[in-house]
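*Asks:* Following this message is one structure expressed as structure tokens.
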Amino acid sequence: MDADGTVERRRSLLLPCLLLLWSGLAPGALPFASSSHQVLRDLLSEQHLLEVEDLSLSLLQGGGLGTLSLPPDLPDLDPECRELLLDFANSSAELTGCIVRSARPVRLCQTCYSLFQQVNNKMDNISRAVGNASESHSCAKSLLMTDRVQIVVILSEFFNSTWKEANCANCLANNSQELSNSTVYFLNQFNYTLTCFENNLQGNSQSLLQPKNYSEVCTNCKEAYKILSSLYSEMQKTNALEHKAELETHLCIDVEDAMNITRKLWSRTFNCSVPCSDTVPVIAVSVFILFLPVVFYLSSFLHSEQKKRKLFLPKRLKSSTSFANIHENSN
């Protein structure tokens, strides 16, 4: 019979007895547990009892199961694979923290793009092991394709889908290594506009019972708001031209959220408005379009009256009339 199988069977028989022995050795045990040694002596032979005591002493001294070890067929990671997994775990934790901290107000793309690139690089390091590593030391197979859940793959897909939904690529340049010039210019103007709002609110100290008057904000920050709004419109037009094939295009979430915040403050909180500079041409064109039907029907009426005045008799009618006159003269 196999020696390993004999050891396993004897261990399975000794463990229940070992638990009974521990119940008597444990501090604070019940009074009737003091007779555990006597019960063991009645159940086991002297040789088995010695084995139980040796095993218990080995466990109490911190030796675990002594010289016993895990079966060799259990999956384990090489030091290189474990290091790759640890690097991905640390990078993922940093990126997750950055995403959550930048959730409100949204600063996702401008704050976390370097960490996102770092996580992608760590994932690429793991994926490259498929072709480079041997069959017995394939880190990619152990980390990405071993189990049904595939935690590493799911986490990587979550980061990629979040980045895509936020359209962060529209804010970045140089292979997503830095913010684009238009994004930097827009964010600087956004910060300048918010600073203008704040500076003009500091001197506006009124009673809480009185309706607040934000006329200073509307007057002093009108130009800053108009510049920011025009920048946003230009970025939308540029983005639409670059993505003609897509049905619906968006700017990155940082820019959209910044513009939404500014518009809400300007229109709802401060109740400000920017007069349109093209009001006169718009009114003139509108009046012209409204009067087009009147001009059309009036010209049609006048043209029909002129045709009535120039009505001529047909030739047959003229000949019959002259014949009648000749007949009357002859009579």
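Letters A, B, ... go to the chains of the structure tokens in the order shown; residues in each chain start at 1; ligands are counted from 1 in the same order.
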Pick out each residue of segment 110-165 of chain A that DSSP on the backbone tags as helix (DSSP H, G or I); I need them as a PyMOL selection string.
*Replies:* chain A and resi 110-127+129-132+139-144+151-165
*Asks:* Any chance you could list, as a PyMOL selection string, the residues in segment 158-276 of chain A that come up strand (DSSP E) when DSSP is run on the backbone?
*Replies:* chain A and resi 172-173+178-179
*Asks:* Could those selected residues go to a file with N, CA, C and O atoms, as a PDB file, in the first residue's frame?
*Replies:*
ATOM      1  N   LEU A 172      -6.726  64.589 -24.368  1.00  0.00           N
ATOM      2  CA  LEU A 172      -5.305  64.275 -24.286  1.00  0.00           C
ATOM      3  C   LEU A 172      -4.646  64.385 -25.647  1.00  0.00           C
ATOM      4  O   LEU A 172      -5.307  64.391 -26.686  1.00  0.00           O
ATOM      5  N   ALA A 173      -3.335  64.460 -25.624  1.00  0.00           N
ATOM      6  CA  ALA A 173      -2.537  64.543 -26.849  1.00  0.00           C
ATOM      7  C   ALA A 173      -1.244  63.764 -26.639  1.00  0.00           C
ATOM      8  O   ALA A 173      -0.948  63.298 -25.526  1.00  0.00           O
ATOM      9  N   GLU A 178      -0.260  63.569 -22.298  1.00  0.00           N
ATOM     10  CA  GLU A 178      -0.431  64.888 -21.689  1.00  0.00           C
ATOM     11  C   GLU A 178      -1.737  65.498 -22.167  1.00  0.00           C
ATOM     12  O   GLU A 178      -2.352  65.020 -23.126  1.00  0.00           O
ATOM     13  N   LEU A 179      -2.160  66.557 -21.477  1.00  0.00           N
ATOM     14  CA  LEU A 179      -3.367  67.260 -21.863  1.00  0.00           C
ATOM     15  C   LEU A 179      -3.128  68.064 -23.141  1.00  0.00           C
ATOM     16  O   LEU A 179      -2.034  68.605 -23.350  1.00  0.00           O
TER      17      LEU A 179
END
*Asks:* Which is closest to Glu216 of chain A among A:Val287, A:Leu228, A:Val255, A:Cys272, if we use only C-alpha atoms?
*Replies:* A:Cys272
*Asks:* Considering only C-alpha atoms, return as number ranges by chain whatever protein or nucleic-acid residues lie within 12 Å of Leu265 of chain A, sequence-local ones (same chain, fewer than 2 positions apart) excluded.
*Replies:* A: 193-194, 197-198, 214, 217-218, 221, 225, 258-263, 267-273
*Asks:* Quick one: residues within 12 Å of Ser114 of chain A, only C-alpha atoms, excluding same-chain residues fewer than 6 positions away - as a list in words?
*Replies:*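 Those residues are Ser91, Glu94, Leu95, Cys98, Ile99, Leu108, Asn120, Asn121, Cys168, Leu172, Asn175, Ser176, Gln177, Glu178 and Leu179 of chain A.
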*Asks:* Any chance you could export the current selection's all heavy atoms as a CSV table (one decimal), in the first residue's frame?
*Replies:*
chain,number,residue,atom,x,y,z
A,91,SER,N,-0.9,49.5,-8.8
A,91,SER,CA,-1.3,50.5,-9.8
A,91,SER,C,-2.9,50.6,-9.8
A,91,SER,O,-3.4,51.7,-9.9
A,91,SER,CB,-0.8,50.1,-11.1
A,91,SER,OG,0.6,50.1,-11.1
A,94,GLU,N,-4.1,52.6,-6.8
A,94,GLU,CA,-3.9,54.1,-7.0
A,94,GLU,C,-4.9,54.7,-8.0
A,94,GLU,O,-5.4,55.8,-7.8
A,94,GLU,CB,-2.5,54.3,-7.5
A,94,GLU,CG,-1.4,53.9,-6.4
A,94,GLU,CD,0.0,54.2,-7.0
A,94,GLU,OE1,0.1,54.7,-8.1
A,94,GLU,OE2,1.0,53.9,-6.2
A,95,LEU,N,-5.1,54.0,-9.1
A,95,LEU,CA,-6.1,54.5,-10.1
A,95,LEU,C,-7.5,54.5,-9.6
A,95,LEU,O,-8.2,55.5,-9.8
A,95,LEU,CB,-6.0,53.6,-11.4
A,95,LEU,CG,-6.9,54.0,-12.5
A,95,LEU,CD1,-6.7,55.5,-13.0
A,95,LEU,CD2,-6.8,53.1,-13.7
A,98,CYS,N,-7.8,57.5,-7.3
A,98,CYS,CA,-7.9,58.7,-8.1
A,98,CYS,C,-9.2,58.9,-8.8
A,98,CYS,O,-9.8,60.0,-8.8
A,98,CYS,CB,-6.8,58.7,-9.1
A,98,CYS,SG,-6.7,60.2,-10.2
A,99,ILE,N,-9.8,57.9,-9.3
A,99,ILE,CA,-11.1,58.0,-9.9
A,99,ILE,C,-12.2,58.4,-8.9
A,99,ILE,O,-13.0,59.3,-9.2
A,99,ILE,CB,-11.5,56.6,-10.6
A,99,ILE,CG1,-10.6,56.4,-11.8
A,99,ILE,CG2,-12.9,56.6,-11.1
A,99,ILE,CD1,-10.8,55.0,-12.5
A,108,LEU,N,-11.5,63.7,-13.7
A,108,LEU,CA,-11.0,62.3,-13.9
A,108,LEU,C,-9.9,62.3,-14.9
A,108,LEU,O,-8.8,61.8,-14.7
A,108,LEU,CB,-12.2,61.5,-14.5
A,108,LEU,CG,-11.9,60.1,-15.0
A,108,LEU,CD1,-11.3,59.2,-13.9
A,108,LEU,CD2,-13.1,59.4,-15.6
A,120,ASN,N,-2.3,50.3,-17.7
A,120,ASN,CA,-2.2,49.7,-19.0
A,120,ASN,C,-0.8,49.1,-19.2
A,120,ASN,O,-0.7,48.0,-19.8
A,120,ASN,CB,-2.5,50.7,-20.1
A,120,ASN,CG,-4.0,50.9,-20.3
A,120,ASN,OD1,-4.8,50.1,-19.8
A,120,ASN,ND2,-4.4,51.9,-20.9
A,121,ASN,N,0.2,49.7,-18.8
A,121,ASN,CA,1.5,49.2,-19.0
A,121,ASN,C,1.7,47.9,-18.1
A,121,ASN,O,2.3,46.9,-18.6
A,121,ASN,CB,2.6,50.2,-18.6
A,121,ASN,CG,2.6,51.4,-19.5
A,121,ASN,OD1,2.2,51.3,-20.7
A,121,ASN,ND2,3.1,52.6,-19.1
A,168,CYS,N,-12.0,60.5,-22.3
A,168,CYS,CA,-10.8,61.2,-21.9
A,168,CYS,C,-9.8,61.4,-23.1
A,168,CYS,O,-8.9,62.3,-23.0
A,168,CYS,CB,-10.1,60.4,-20.8
A,168,CYS,SG,-11.0,60.5,-19.2
A,172,LEU,N,-6.7,64.6,-24.4
A,172,LEU,CA,-5.3,64.3,-24.3
A,172,LEU,C,-4.6,64.4,-25.6
A,172,LEU,O,-5.3,64.4,-26.7
A,172,LEU,CB,-5.1,62.9,-23.7
A,172,LEU,CG,-5.7,62.6,-22.4
A,172,LEU,CD1,-5.6,61.2,-22.0
A,172,LEU,CD2,-5.1,63.5,-21.3
A,175,ASN,N,-0.3,60.7,-27.8
A,175,ASN,CA,-0.6,59.3,-27.4
A,175,ASN,C,-1.0,59.3,-25.9
A,175,ASN,O,-0.6,58.4,-25.1
A,175,ASN,CB,0.7,58.5,-27.5
A,175,ASN,CG,1.0,58.3,-29.0
A,175,ASN,OD1,0.2,58.2,-29.9
A,175,ASN,ND2,2.3,58.2,-29.3
A,176,SER,N,-1.9,60.2,-25.5
A,176,SER,CA,-2.5,60.3,-24.2
A,176,SER,C,-1.4,60.4,-23.1
A,176,SER,O,-1.7,60.0,-22.0
A,176,SER,CB,-3.3,59.0,-23.9
A,176,SER,OG,-4.4,58.9,-24.9
A,177,GLN,N,-0.4,61.1,-23.4
A,177,GLN,CA,0.7,61.3,-22.4
A,177,GLN,C,0.5,62.6,-21.7
A,177,GLN,O,1.1,62.9,-20.7
A,177,GLN,CB,2.1,61.3,-23.1
A,177,GLN,CG,2.4,59.9,-23.7
A,177,GLN,CD,2.5,58.8,-22.7
A,177,GLN,OE1,3.0,59.0,-21.6
A,177,GLN,NE2,2.2,57.6,-23.1
A,178,GLU,N,-0.3,63.6,-22.3
A,178,GLU,CA,-0.4,64.9,-21.7
A,178,GLU,C,-1.7,65.5,-22.2
A,178,GLU,O,-2.4,65.0,-23.1
A,178,GLU,CB,0.7,65.8,-22.1
A,178,GLU,CG,0.9,66.0,-23.6
A,178,GLU,CD,2.1,66.8,-23.9
A,178,GLU,OE1,2.9,67.2,-23.0
A,178,GLU,OE2,2.3,67.1,-25.1
A,179,LEU,N,-2.2,66.6,-21.5
A,179,LEU,CA,-3.4,67.3,-21.9
A,179,LEU,C,-3.1,68.1,-23.1
A,179,LEU,O,-2.0,68.6,-23.3
A,179,LEU,CB,-3.8,68.2,-20.7
A,179,LEU,CG,-4.3,67.5,-19.4
A,179,LEU,CD1,-4.6,68.6,-18.4
A,179,LEU,CD2,-5.6,66.7,-19.7
